[in-house]
Each structure stands twice: as structure tokens, then as C-alpha cells.
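Engineer: Quick one, upload_6.csv (CSV, C-alpha atoms):
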chain,number,residue,atom,x,y,z
A,1069,MET,CA,75.3,11.9,14.1
A,1070,LEU,CA,75.3,10.1,10.8
A,1071,ILE,CA,76.0,6.4,11.1
A,1072,ASN,CA,77.3,4.1,8.3
A,1073,GLN,CA,77.3,0.4,9.1
A,1074,THR,CA,78.3,-2.5,6.9
A,1075,TYR,CA,76.9,-6.0,7.5
A,1076,PHE,CA,77.8,-9.5,6.2
A,1077,ILE,CA,75.2,-12.2,6.8
A,1078,ASP,CA,74.2,-15.6,5.5
A,1079,SER,CA,71.4,-15.3,2.9
A,1080,CYS,CA,69.9,-17.7,0.4
A,1081,ASP,CA,71.3,-20.7,-1.4
A,1082,ASP,CA,70.4,-21.5,-4.9
A,1083,VAL,CA,67.3,-23.6,-4.3
A,1084,GLU,CA,66.5,-24.0,-8.0
A,1085,LEU,CA,69.8,-25.6,-8.9
A,1086,ASN,CA,70.7,-27.0,-5.5
A,1087,ILE,CA,73.9,-25.1,-5.2
A,1088,LYS,CA,75.2,-24.2,-1.8
A,1089,ARG,CA,76.2,-20.5,-1.6
A,1090,GLU,CA,79.8,-19.7,-0.7
A,1091,SER,CA,79.6,-16.0,-0.2
A,1092,LYS,CA,78.1,-13.7,2.5
A,1093,LEU,CA,75.5,-11.1,1.6
A,1094,GLU,CA,77.0,-7.6,2.1
A,1095,PHE,CA,74.8,-4.5,2.7
A,1096,LYS,CA,75.2,-1.1,4.1
A,1097,LEU,CA,72.9,0.9,6.4
A,1098,THR,CA,73.0,4.7,6.8
A,1099,TYR,CA,71.0,6.7,9.3
A,1100,ASP,CA,71.1,9.7,11.7
A,1101,ASP,CA,71.1,8.3,15.3
A,1102,SER,CA,69.4,11.5,16.5
A,1103,LYS,CA,66.2,10.9,14.5
A,1104,GLU,CA,63.2,8.7,14.9
A,1105,ILE,CA,63.1,6.8,11.7
A,1106,GLU,CA,59.8,6.6,9.7
A,1107,ALA,CA,61.0,4.5,6.8
A,1108,ILE,CA,63.7,2.3,5.4
A,1109,VAL,CA,64.6,3.4,1.8
A,1110,CYS,CA,66.4,0.7,-0.1
A,1111,ILE,CA,68.3,2.0,-3.1
A,1112,ILE,CA,68.8,-0.9,-5.5
A,1113,SER,CA,71.7,-0.7,-7.9
A,1114,GLY,CA,71.3,-1.7,-11.5
A,1115,ILE,CA,73.7,-3.7,-13.7
A,1116,GLY,CA,77.2,-2.2,-13.6
A,1117,GLY,CA,76.7,-0.5,-10.2
A,1118,ASP,CA,77.1,-1.5,-6.6
A,1119,ILE,CA,76.7,0.1,-3.1
A,1120,LYS,CA,79.7,2.3,-3.6
A,1121,ASP,CA,77.9,4.3,-6.3
A,1122,ASP,CA,75.1,5.4,-4.0
A,1123,LEU,CA,76.9,6.4,-0.8
A,1124,TYR,CA,76.4,10.2,-1.3
A,1125,ILE,CA,72.7,9.6,-2.1
A,1126,SER,CA,72.4,7.6,1.1
A,1127,ASP,CA,74.1,10.3,3.2
A,1128,TYR,CA,71.8,13.0,1.6
A,1129,CYS,CA,68.6,11.0,2.4
A,1130,ALA,CA,69.7,10.2,5.9
A,1131,ARG,CA,70.6,13.9,6.6
A,1132,ASN,CA,67.4,15.4,5.1
A,1133,TYR,CA,64.7,12.9,5.9
A,1134,ASN,CA,63.7,10.7,8.9
A,1135,VAL,CA,64.8,7.6,7.0
A,1136,ALA,CA,67.4,4.9,7.2
A,1137,VAL,CA,68.9,4.0,3.8
A,1138,LEU,CA,69.8,0.4,2.8
A,1139,ASN,CA,72.2,-0.5,0.0
A,1140,VAL,CA,72.6,-4.1,-0.9
A,1141,ASN,CA,75.4,-5.9,-2.8
A,1142,TYR,CA,72.9,-8.6,-3.9
A,1143,HIS,CA,74.1,-11.9,-5.4
A,1144,CYS,CA,76.2,-11.5,-8.6
A,1145,ILE,CA,76.2,-7.7,-8.3
A,1146,GLY,CA,79.9,-7.7,-9.2
A,1147,ASN,CA,79.3,-9.0,-12.7
A,1148,ARG,CA,80.8,-6.2,-14.8
A,1149,PRO,CA,84.4,-5.1,-15.1
A,1150,GLN,CA,83.7,-1.8,-13.4
A,1151,THR,CA,82.4,-3.7,-10.3
A,1152,GLY,CA,85.2,-6.2,-10.2
A,1153,ALA,CA,84.3,-9.0,-12.8
A,1154,LYS,CA,87.3,-10.7,-14.5
A,1155,ILE,CA,87.3,-11.7,-18.2
A,1156,TYR,CA,88.1,-15.4,-18.9
A,1157,LEU,CA,87.5,-18.1,-21.4
A,1158,ASP,CA,85.2,-21.1,-20.8
A,1159,ASP,CA,84.9,-24.2,-22.9
A,1160,ILE,CA,82.5,-22.6,-25.4
A,1161,ASP,CA,84.7,-19.5,-25.7
A,1162,ARG,CA,87.7,-21.6,-26.5
A,1163,LEU,CA,85.8,-23.6,-29.1
A,1164,ILE,CA,84.7,-20.4,-30.8
A,1165,PHE,CA,88.2,-19.0,-30.6
A,1166,ASP,CA,89.7,-22.1,-32.3
A,1167,THR,CA,86.9,-22.4,-34.9
A,1168,SER,CA,87.2,-18.7,-35.8
A,1169,ILE,CA,90.9,-18.6,-36.5
A,1170,LYS,CA,90.6,-21.8,-38.6
A,1171,ALA,CA,87.8,-20.1,-40.6
A,1172,ILE,CA,90.0,-17.1,-41.5
A,1173,GLY,CA,93.1,-19.2,-42.1
A,1174,ILE,CA,95.4,-17.7,-39.5
A,1175,GLU,CA,97.6,-19.8,-37.3
A,1176,ILE,CA,98.8,-18.7,-33.9
A,1177,PRO,CA,101.6,-20.3,-31.8
A,1178,TYR,CA,99.4,-20.9,-28.8
A,1179,ASP,CA,97.4,-23.9,-27.5
A,1180,ILE,CA,93.9,-22.5,-27.2
A,1181,SER,CA,92.7,-25.4,-25.1
A,1182,LYS,CA,95.0,-24.3,-22.2
A,1183,LEU,CA,93.9,-20.6,-22.2
A,1184,ASN,CA,91.6,-19.5,-19.3
A,1185,SER,CA,92.4,-16.3,-17.6
A,1186,PHE,CA,92.7,-12.9,-19.2
A,1187,GLU,CA,96.5,-13.0,-18.6
A,1188,GLU,CA,96.7,-16.3,-20.4
A,1189,PHE,CA,94.6,-15.5,-23.4
A,1190,HIS,CA,95.7,-11.9,-23.9
A,1191,PRO,CA,99.0,-12.8,-25.7
A,1192,ALA,CA,97.3,-15.2,-28.0
A,1193,MET,CA,94.6,-12.6,-29.0
A,1194,ASP,CA,97.2,-9.9,-29.2
A,1195,TYR,CA,99.2,-12.0,-31.7
A,1196,LEU,CA,96.0,-12.7,-33.7
A,1197,ASN,CA,95.1,-9.0,-33.6
A,1198,LYS,CA,98.5,-8.1,-35.1
A,1199,GLU,CA,98.2,-10.8,-37.8
A,1200,ILE,CA,94.8,-9.5,-38.8
A,1201,GLN,CA,96.3,-6.0,-39.1
A,1202,LYS,CA,99.1,-7.3,-41.3
A,1203,ASN,CA,96.5,-8.9,-43.6
A,1204,LYS,CA,94.6,-5.6,-43.7
A,1205,ASN,CA,97.8,-3.7,-44.5
A,1206,ASP,CA,98.5,-6.2,-47.4
A,1207,TRP,CA,94.9,-5.9,-48.6
A,1208,GLU,CA,94.3,-9.6,-48.0
A,1209,ILE,CA,91.5,-8.7,-45.6
A,1210,ASP,CA,89.1,-5.8,-46.0
A,1211,ARG,CA,90.1,-2.8,-44.0
A,1212,SER,CA,86.7,-2.6,-42.3
A,1213,TYR,CA,87.0,-6.2,-41.1
A,1214,HIS,CA,86.9,-7.2,-37.4
A,1215,LEU,CA,86.7,-10.6,-35.7
A,1216,ASP,CA,84.1,-11.3,-33.0
A,1217,LEU,CA,85.3,-13.6,-30.3
A,1218,SER,CA,83.4,-14.9,-27.2
A,1219,ALA,CA,84.5,-14.5,-23.6
A,1220,SER,CA,83.0,-14.8,-20.2
A,1221,LEU,CA,82.7,-12.6,-17.1
A,1222,GLN,CA,83.6,-14.1,-13.7
A,1223,PRO,CA,81.7,-12.1,-11.0
A,1224,THR,CA,83.3,-11.2,-7.7
A,1225,LYS,CA,83.1,-13.6,-4.8
A,1226,ASN,CA,83.1,-16.6,-7.1
A,1227,GLU,CA,79.4,-16.0,-7.8
A,1228,TYR,CA,77.4,-16.6,-11.0
A,1229,GLN,CA,74.3,-15.2,-12.7
A,1230,ASN,CA,71.2,-16.8,-11.1
A,1231,PHE,CA,69.3,-13.7,-12.3
A,1232,GLY,CA,66.5,-12.2,-10.3
A,1233,ILE,CA,65.4,-14.7,-7.7
A,1234,MET,CA,68.5,-14.8,-5.4
A,1235,GLN,CA,69.1,-11.1,-6.0
A,1236,ALA,CA,65.6,-10.1,-4.8
A,1237,THR,CA,65.7,-12.6,-2.0
A,1238,ASP,CA,69.0,-11.0,-0.8
A,1239,ILE,CA,67.3,-7.5,-0.8
A,1240,LEU,CA,64.4,-8.9,1.3
A,1241,ASN,CA,66.7,-10.7,3.7
A,1242,ALA,CA,68.7,-7.6,4.3
A,1243,LEU,CA,65.5,-5.7,5.0
A,1244,LEU,CA,64.3,-8.4,7.4
A,1245,TYR,CA,67.7,-8.4,9.2
A,1246,ILE,CA,67.5,-4.7,9.7
A,1247,ARG,CA,63.9,-5.0,11.0
A,1248,LYS,CA,65.0,-7.7,13.5
A,1249,ASN,CA,68.1,-5.8,14.6
A,1250,PHE,CA,67.0,-2.2,14.6
A,1251,ALA,CA,70.1,-0.1,15.1
A,1252,PHE,CA,68.1,3.2,15.2
A,1253,LYS,CA,65.1,4.7,16.9
A,1254,VAL,CA,61.8,3.9,15.2
A,1255,MET,CA,58.9,6.3,15.1
A,1256,GLY,CA,55.8,4.9,16.8
A,1257,GLY,CA,53.2,3.4,14.6
A,1258,GLY,CA,55.4,1.3,12.4
A,1259,ILE,CA,58.0,1.8,9.6
A,1260,LYS,CA,57.6,1.9,5.8
A,1261,HIS,CA,59.7,0.0,3.4
A,1262,ILE,CA,60.4,1.9,0.2
A,1263,LEU,CA,62.3,0.3,-2.7
A,1264,VAL,CA,63.9,2.5,-5.4
A,1265,GLY,CA,65.7,1.4,-8.5
A,1266,ALA,CA,66.4,2.2,-12.1
A,1267,SER,CA,66.6,-0.3,-15.0
A,1268,HIS,CA,67.6,-3.7,-13.4
A,1269,GLY,CA,67.4,-2.1,-10.0
A,1270,GLY,CA,63.8,-1.1,-10.8
A,1271,TYR,CA,63.1,-4.7,-12.0
A,1272,LEU,CA,64.4,-6.1,-8.7
A,1273,ALA,CA,62.2,-3.7,-6.7
A,1274,ASN,CA,59.1,-5.0,-8.6
A,1275,LEU,CA,60.3,-8.6,-8.1
A,1276,CYS,CA,60.7,-8.1,-4.4
A,1277,ALA,CA,57.1,-7.0,-4.3
A,1278,LYS,CA,56.1,-10.1,-6.1
A,1279,LEU,CA,58.1,-12.5,-3.9
A,1280,ALA,CA,57.0,-10.9,-0.6
A,1281,PRO,CA,54.2,-8.3,-1.1
A,1282,TRP,CA,53.7,-8.0,2.7
A,1283,LEU,CA,57.2,-6.5,3.1
A,1284,VAL,CA,57.1,-3.7,0.5
A,1285,ASP,CA,55.1,-0.4,0.9
A,1286,VAL,CA,56.3,1.6,-2.1
A,1287,VAL,CA,58.1,0.7,-5.3
A,1288,VAL,CA,59.7,3.6,-7.2
A,1289,ASP,CA,60.8,2.3,-10.6
A,1290,ASN,CA,62.6,4.1,-13.4
A,1291,SER,CA,62.7,2.1,-16.7
A,1292,SER,CA,62.5,-1.4,-15.4
A,1293,HIS,CA,62.1,-4.5,-17.7
A,1294,VAL,CA,59.0,-6.6,-16.9
A,1295,SER,CA,59.6,-9.7,-19.0
A,1296,LEU,CA,62.6,-11.8,-20.0
A,1297,THR,CA,61.7,-12.0,-23.7
A,1298,ASP,CA,64.9,-10.3,-25.0
A,1299,LEU,CA,67.1,-10.8,-21.9
A,1300,TRP,CA,69.2,-13.8,-22.9
A,1301,ARG,CA,72.2,-11.4,-23.2
A,1302,VAL,CA,72.2,-10.5,-19.5
A,1303,ILE,CA,71.3,-13.9,-18.1
A,1304,GLY,CA,74.5,-15.4,-19.6
A,1305,PHE,CA,73.5,-18.2,-21.9
A,1306,GLY,CA,73.1,-16.0,-25.0
A,1307,LYS,CA,76.4,-17.4,-26.4
A,1308,GLU,CA,74.6,-20.7,-26.9
A,1309,VAL,CA,72.2,-18.9,-29.3
A,1310,ASP,CA,74.4,-16.2,-30.9
A,1311,PHE,CA,77.3,-14.7,-29.0
A,1312,THR,CA,77.6,-11.8,-31.5
A,1313,GLU,CA,74.1,-10.6,-30.6
A,1314,TYR,CA,73.2,-11.9,-27.1
A,1315,TYR,CA,76.2,-10.7,-25.2
A,1316,SER,CA,76.3,-8.8,-21.9
A,1317,VAL,CA,79.3,-6.5,-22.8
A,1318,ALA,CA,81.1,-6.1,-26.2
A,1319,THR,CA,84.3,-4.1,-26.4
A,1320,PHE,CA,87.2,-3.2,-28.7
A,1321,ASN,CA,89.1,-1.8,-25.7
A,1322,PHE,CA,91.8,-4.5,-25.8
A,1323,PHE,CA,92.3,-5.2,-29.5
A,1324,GLN,CA,91.3,-2.9,-32.4
A,1325,ASN,CA,90.6,-5.8,-34.8
A,1326,ILE,CA,88.9,-8.1,-32.3
A,1327,ARG,CA,85.6,-7.4,-30.6
A,1328,LEU,CA,85.3,-9.3,-27.3
A,1329,CYS,CA,81.7,-10.3,-26.8
A,1330,CYS,CA,81.4,-11.2,-23.1
A,1331,CYS,CA,78.6,-13.1,-21.4
A,1332,ASP,CA,78.0,-13.5,-17.6
A,1333,LYS,CA,79.1,-16.7,-16.0
A,1334,THR,CA,76.0,-18.8,-15.4
A,1335,PHE,CA,74.9,-22.4,-14.9
A,1336,TRP,CA,71.6,-21.8,-16.8
A,1337,THR,CA,71.5,-23.3,-20.3
A,1338,THR,CA,69.3,-23.8,-23.3
A,1339,ASN,CA,70.1,-27.5,-23.2
A,1340,LYS,CA,66.8,-29.3,-22.4
A,1341,GLN,CA,68.6,-32.4,-21.3
A,1342,SER,CA,70.5,-30.5,-18.6
A,1343,HIS,CA,69.5,-30.2,-14.9
A,1344,TYR,CA,70.3,-26.5,-15.4
A,1345,TYR,CA,67.9,-26.0,-18.3
A,1346,PHE,CA,66.3,-22.5,-18.2
A,1347,SER,CA,62.8,-23.8,-18.7
A,1348,LEU,CA,59.5,-21.9,-19.2
A,1349,ALA,CA,58.9,-22.2,-15.5
A,1350,ARG,CA,62.2,-20.5,-14.7
A,1351,LYS,CA,61.3,-17.7,-17.0
A,1352,LEU,CA,57.7,-17.2,-15.7
A,1353,ILE,CA,58.7,-16.8,-12.0
A,1354,ARG,CA,61.2,-14.1,-12.9
A,1355,GLU,CA,58.7,-12.0,-14.9
A,1356,THR,CA,56.8,-9.2,-13.2
A,1357,LEU,CA,54.4,-8.9,-16.1
A,1358,ASN,CA,52.6,-12.2,-15.5
A,1359,LYS,CA,48.8,-11.7,-15.3
A,1360,ASP,CA,48.1,-14.9,-13.4
A,1361,HIS,CA,50.8,-14.1,-10.9
A,1362,LEU,CA,49.6,-10.5,-10.5
A,1363,ASN,CA,46.1,-11.8,-9.8
A,1364,ILE,CA,47.5,-13.9,-6.9
A,1365,GLN,CA,49.7,-11.0,-5.6
A,1366,ALA,CA,46.6,-8.7,-5.6
A,1367,LYS,CA,45.0,-10.8,-2.9
A,1368,TYR,CA,47.8,-9.6,-0.5
A,1369,PRO,CA,48.4,-6.2,1.0
A,1370,ASN,CA,50.3,-4.5,-1.8
A,1371,PRO,CA,52.6,-1.6,-2.3
A,1372,LYS,CA,52.1,1.6,-4.2
A,1373,TYR,CA,53.9,1.7,-7.5
A,1374,ILE,CA,55.5,4.9,-9.0
A,1375,ALA,CA,57.0,4.2,-12.4
A,1376,TYR,CA,58.7,6.2,-15.2
A,1377,HIS,CA,59.2,5.1,-18.7
A,1378,SER,CA,60.2,6.6,-22.0
A,1379,LYS,CA,58.5,6.0,-25.3
A,1380,PHE,CA,61.9,5.8,-26.9
A,1381,ASP,CA,63.5,3.4,-24.5
A,1382,GLU,CA,65.8,1.2,-26.6
A,1383,TRP,CA,65.7,-1.8,-24.2
A,1384,VAL,CA,62.1,-2.0,-22.9
A,1385,SER,CA,59.2,-1.0,-25.0
A,1386,LEU,CA,56.7,1.5,-23.6
A,1387,GLU,CA,53.9,-0.8,-24.8
A,1388,GLU,CA,55.2,-3.6,-22.6
A,1389,LYS,CA,55.4,-1.3,-19.6
A,1390,GLU,CA,51.9,0.0,-20.3
A,1391,GLU,CA,50.6,-3.5,-20.3
A,1392,TYR,CA,52.2,-4.1,-16.9
A,1393,VAL,CA,50.8,-0.9,-15.5
A,1394,ASP,CA,47.3,-1.6,-16.9
A,1395,THR,CA,47.3,-5.1,-15.4
A,1396,LEU,CA,48.3,-3.7,-12.0
A,1397,LYS,CA,45.5,-1.2,-12.2
A,1398,LYS,CA,43.0,-3.9,-13.3
A,1399,TYR,CA,43.7,-5.8,-10.1
A,1400,GLY,CA,43.4,-2.8,-7.9
A,1401,PHE,CA,47.0,-1.8,-7.3
A,1402,ASP,CA,47.8,1.9,-6.6
A,1403,VAL,CA,49.9,3.0,-9.5
A,1404,GLU,CA,51.3,6.4,-10.6
A,1405,PHE,CA,52.7,6.1,-14.1
A,1406,ILE,CA,54.8,8.9,-15.7
A,1407,LYS,CA,55.3,8.4,-19.4
A,1408,VAL,CA,57.9,10.5,-21.2
A,1409,MET,CA,56.6,10.9,-24.8
A,1410,ASP,CA,58.5,13.8,-26.4
A,1411,GLU,CA,61.3,16.3,-26.1
A,1412,LYS,CA,59.0,18.9,-24.5
A,1413,GLN,CA,59.3,16.9,-21.3
A,1414,ILE,CA,63.1,17.2,-21.2
A,1415,ASP,CA,64.0,19.9,-18.6
A,1416,GLY,CA,67.8,19.2,-18.6
A,1417,LYS,CA,67.8,18.7,-14.8
A,1418,PHE,CA,65.3,15.9,-13.9
A,1419,ILE,CA,64.6,14.4,-17.4
A,1420,LYS,CA,67.7,14.8,-19.5
A,1421,ASN,CA,67.0,12.6,-22.6
A,1422,LEU,CA,64.5,10.2,-24.1
A,1423,THR,CA,66.6,7.0,-24.0
A,1424,HIS,CA,66.7,4.2,-21.4
A,1425,GLY,CA,66.6,5.8,-17.9
A,1426,MET,CA,66.1,9.3,-19.3
A,1427,GLY,CA,69.2,10.5,-17.4
A,1428,ILE,CA,67.0,10.9,-14.3
A,1429,PRO,CA,69.4,11.3,-11.3
A,1430,MET,CA,68.6,8.9,-8.4
A,1431,LYS,CA,68.9,11.7,-5.9
A,1432,LEU,CA,66.3,13.8,-7.6
A,1433,LEU,CA,64.0,10.9,-8.1
A,1434,ILE,CA,64.0,10.3,-4.4
A,1435,LYS,CA,63.7,14.0,-3.6
A,1436,LYS,CA,60.7,14.3,-5.8
A,1437,HIS,CA,58.7,11.5,-4.3
A,1438,LEU,CA,59.9,10.7,-0.8
A,1439,PRO,CA,58.3,13.7,1.0
A,1440,GLN,CA,54.8,12.7,-0.2
A,1441,ILE,CA,55.4,9.0,0.5
A,1442,LEU,CA,56.4,9.8,4.1
A,1443,GLN,CA,53.2,11.8,4.5
A,1444,GLU,CA,50.9,9.0,3.4
A,1445,PRO,CA,49.5,6.7,6.1
A,1446,LEU,CA,51.1,3.4,6.7
A,1447,LYS,CA,48.9,0.6,5.4
A,1448,ASP,CA,48.0,-2.5,7.4
A,1449,LYS,CA,50.1,-5.3,6.0
A,1450,THR,CA,48.8,-8.1,8.2
A,1451,CYS,CA,48.5,-11.3,6.2
A,1452,LYS,CA,49.8,-14.8,5.8
A,1453,LYS,CA,53.5,-14.3,5.0
A,1454,GLU,CA,53.6,-16.9,2.3
A,1455,ILE,CA,52.8,-16.8,-1.4
A,1456,SER,CA,52.8,-19.4,-4.1
A,1457,TYR,CA,53.0,-19.1,-7.9
A,1458,LYS,CA,52.3,-21.9,-10.4
A,1459,CYS,CA,54.8,-21.7,-13.2
A,1460,ASP,CA,54.2,-24.3,-15.9
A,1461,ASP,CA,55.3,-27.6,-14.3
A,1462,LEU,CA,56.6,-26.0,-11.1
A,1463,ILE,CA,55.1,-24.3,-8.0
A,1464,TYR,CA,57.3,-21.6,-6.4
A,1465,THR,CA,56.5,-20.8,-2.8
A,1466,PHE,CA,58.1,-17.9,-0.9
A,1467,LYS,CA,57.7,-17.8,2.9
A,1468,GLU,CA,59.0,-15.5,5.6
A,1469,GLU,CA,60.5,-17.8,8.2
A,1470,ASN,CA,62.9,-16.9,11.0
A,1471,GLU,CA,63.4,-13.4,9.6
A,1472,GLN,CA,64.4,-14.7,6.2
A,1473,ILE,CA,62.6,-15.4,2.9
A,1474,VAL,CA,62.7,-19.2,2.3
A,1475,LEU,CA,62.0,-20.6,-1.2
A,1476,SER,CA,60.7,-24.0,-2.0
A,1477,VAL,CA,60.1,-25.4,-5.5
A,1478,GLU,CA,57.8,-28.4,-6.2
A,1479,ARG,CA,56.8,-30.2,-9.3
A,1480,VAL,CA,53.1,-30.1,-10.2
So that I can check it, write out the structure of this file as C-alpha cells.
Structural biologist:
Amino acid sequence: MLINQTYFIDSCDDVELNIKRESKLEFKLTYDDSKEIEAIVCIISGIGGDIKDDLYISDYCARNYNVAVLNVNYHCIGNRPQTGAKIYLDDIDRLIFDTSIKAIGIEIPYDISKLNSFEEFHPAMDYLNKEIQKNKNDWEIDRSYHLDLSASLQPTKNEYQNFGIMQATDILNALLYIRKNFAFKVMGGGIKHILVGASHGGYLANLCAKLAPWLVDVVVDNSSHVSLTDLWRVIGFGKEVDFTEYYSVATFNFFQNIRLCCCDKTFWTTNKQSHYYFSLARKLIRETLNKDHLNIQAKYPNPKYIAYHSKFDEWVSLEEKEEYVDTLKKYGFDVEFIKVMDEKQIDGKFIKNLTHGMGIPMKLLIKKHLPQILQEPLKDKTCKKEISYKCDDLIYTFKEENEQIVLSVERV
């Protein structure tokens, strides 16, 4: 019989910023209780998705293979409107709002300093939107004009964008919890851990292998990013640089003359004087393309990597992904890299286009690779369950302790 169980457990706090976590980690486990399980397949959602999106895939995998399927609502997964995030104005947003209307010479009968929630600021922006339209109708403003305004996204569970570290730790902690509390029959000889993800989900799969290489047997990655060079817009502090360019979501859905440029709520900042400064060290630990770190990781039992990437990916360059793959191979990692280079590779079923993600369905990605992965022998992963990475002026150490991944950060 197919079993679906949902768990809520204590996971990690924010060690970097010394913030006590308020929320529980939620994850779902799907398996057939009549089978001896060979592997745990963790399907990792990307930005804009959560565990509800993958339920039919989990059921398919559990029915057709001897696997249990894990889906994790990792920290800050609810950071988009479609996953429950709410739009609001923070101090910077209100400042931009006030400055913008003064610049275009329009007055509104609202105290911007008191506007916070969507319900509070919507009437003010609606009034402004109509005033802009009046000016357009009177040819006082060009008909093509629109006003960019900044807003913020409040994730579900009162969380915030830590980006990467807490998210990957959540996935690993869910995996460790399942290992400690097996709810299913396990095939003799051990059990594999297979992480599958696209885009940000693929990035987290790779990051999990960096933080705890002894826990991951296979990474299946479709179009992940490997550096943070151009990711200000999804970390959340892009508005401190240019909110019209480094936003998470931009929309005209609410006002035809106003584009709302929304950034994730985050404590990270570009202010070097702040305790929350997103320093070089914070960046380095989050990058999977870090040659010094990969050299350290290579000294541990490591997973097999299966990666897909398009030459025409609009978010992550193929050259950057090739550098990552070449570095993995240089240090002896087992890598299968599938590059999509032209329209001849589009079959309309598996590969549907040449843009980010290539339209590859998660179900077919798993179906294509899982049978072979299950046939391959289980590697010996015996090693010290602790790994440290020097990142500029900080040393990050990840250790498996009491069935959880524990992070410590020390200054050099």
C-alpha cells in the first residue's frame, strides 16, 4: 500500500546571523510498505515551487521503483506569491515610494510612512496609478511611461531569505531523520541517497553534497547555478544596489502604470558596517564552483553527478557550468554531463526548448536515470563525518552530530 507521511521537526537555526528559528521543518515521505526500499529519492523544489507540486511524481516513483521519496519544504521555500508569500513595504520600499512620487510631481492623500501590508498600500498605489493615467490621457506624460516601485516579499512561516545554507541543511536533516526513523523496510546492504533538482533545486542538491559529501550518493541536476555572481536579485538585498534590475519578481498585475519590483525579505545587506553584511566569506561558502573547496570535498567519499545544461540558458552560462564540471572531473569525481547545444536535440517530449531548464519534466528526468542508478553498486561512504572550508576570514565546519548537521563558524 502506498503511504504518504508528513513530518514536522526541529532543524537548524541561523548560525551565521545568530537568529533563533521560529518555524518547524516540514517534509513529506512517500513509499510502498510492501517493498524493500533500495534508495531514498529526494526531489528538491526550485524557487516558486514546494512539496505540493511534486506529489504525483512522488507517487509515481514509489509505485514503480523500490524507493522512498522525500520532499522537503526547506527554509524560506514559501518566498513567492504562488507559494504563499505576501507583498509588503519595508523602510527602503517606503523611501523609494515617497521619493518617486516627488520626482514626478504627483501628490497622493496618503501617509506613505504608515503603509506596510498590501491591503494598506494598495489604495495609495491605486490612486497614484489613476493619476498617472490621467496625465497620460492629457499628454502630460508619455503614453509609454510606467513607474517602477519597490516592494518586499514576506515568506510563509515568518521566515526570511538566508539563501542556501539553511535550505541545504534542512534537506540533509530531513534525510537524517528518515534514516534514524525508518518507516519502511530496507533492502539488505544499505540504502542510497539520490538528490534530484532543477534550477535552484539542482543548486541545493549540489550544495548538500558540498556540506555533507558522506550523505549523498547521486546528484541529478538540471540547470543549476554554481556561483552567486549575478544572484543579488534572489538573495534579497538587490534593492540596495538597483531595485529596477536586481528584483526577485516584477509585475504589472496590480497596476497597469506601475511595475512592482519585489525582493525577498532578508537580513543580509551590502552595508559593510552591519553585523548582517553579506561578505566575501558568506558568498564563497554558498558557491558550488569553488576550486579550493572542491579539492577539500574530493578527499571524501563523493556522489556521482548527472547534470544537464543548455547553451542558451538565460540565467546561468554554459561556460560557467562547464568550468564546474571540468573541476569536478579534475578532482576525480564521477560526472555525466549532457550539454544541449542546438535545436536538433529538442524532441518535444524530454527536451522541449533551449532556455533555462529546457522544459525537461521532472518525472521523465527521474525515469531516464533512476533505473541505472539503482543497478549501480552502493559505494562505501565510511569517513569522518565532518568537513571544513576556509572562506576568506571565516572557517565553516559542517558536522553530523546526533542525526543532524551542525554548523559552526569561526574567524581565522
Engineer: Which stretch 1401-1455 of chain A residues have any atom within 8 Å of an atom of stretch 1351-1368 of chain A, and for each, what is the nearest pair of atoms with distance in Å to one decimal, counting only C-alpha atoms, rows sorted by chain and number, as CSV?
Structural biologist:
residue,atom,partner,partner_atom,distance
A:Phe1401,CA,A:Ala1366,CA,7.1
A:Cys1451,CA,A:Tyr1368,CA,6.9
A:Ile1455,CA,A:Gln1365,CA,7.8
Engineer: One decimal, in Å: what's the spacing between atom CA of A:Arg1247 and atom CA of A:Asp1101?
Structural biologist: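 According to the coordinates, atom CA of A:Arg1247 and atom CA of A:Asp1101 are separated by 15.7 Å.
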Engineer: From the set A:Cys1459, A:Val1309, A:Leu1157, A:Leu1442, which residue has the shortest atom-to-atom contact distance to A:Asp1285, counting all atoms listed in the file?
Structural biologist: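 Of A:Cys1459, A:Val1309, A:Leu1157, A:Leu1442, the one nearest A:Asp1285, counting all atoms listed in the file, is A:Leu1442.
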Engineer: Work out how far apart atom CA of A:Ala1251 and atom CA of A:Asp1448 are and give it in Å to one decimal.
Structural biologist: 23.5 Å
Engineer: Near stretch 1267-1277 of chain A, within 8 Å and counting all atoms listed in the file, which residues show up once chain neighbours fewer than 3 positions away are dropped, as a VMD selection string?
Structural biologist: chain A and resid 1112 to 1115 1232 to 1233 1235 to 1237 1239 to 1240 1263 to 1264 1280 to 1284 1287 to 1294 1354 to 1356 1370 to 1371 1424 to 1425
Engineer: For A:Arg1162, please output as a VMD selection string all residues within 9 Å (counting all atoms listed in the file; exclusion window: fewer than 6 positions along the same chain).
Structural biologist: chain A and resid 1180 to 1184 1218 to 1219
Engineer: Kindly indicate which residue among A:Glu1478, A:Glu1390, A:Asp1121, A:Asp1402 lies nearest to A:Glu1084, using all atoms listed in the file for the distances.
Structural biologist: A:Glu1478
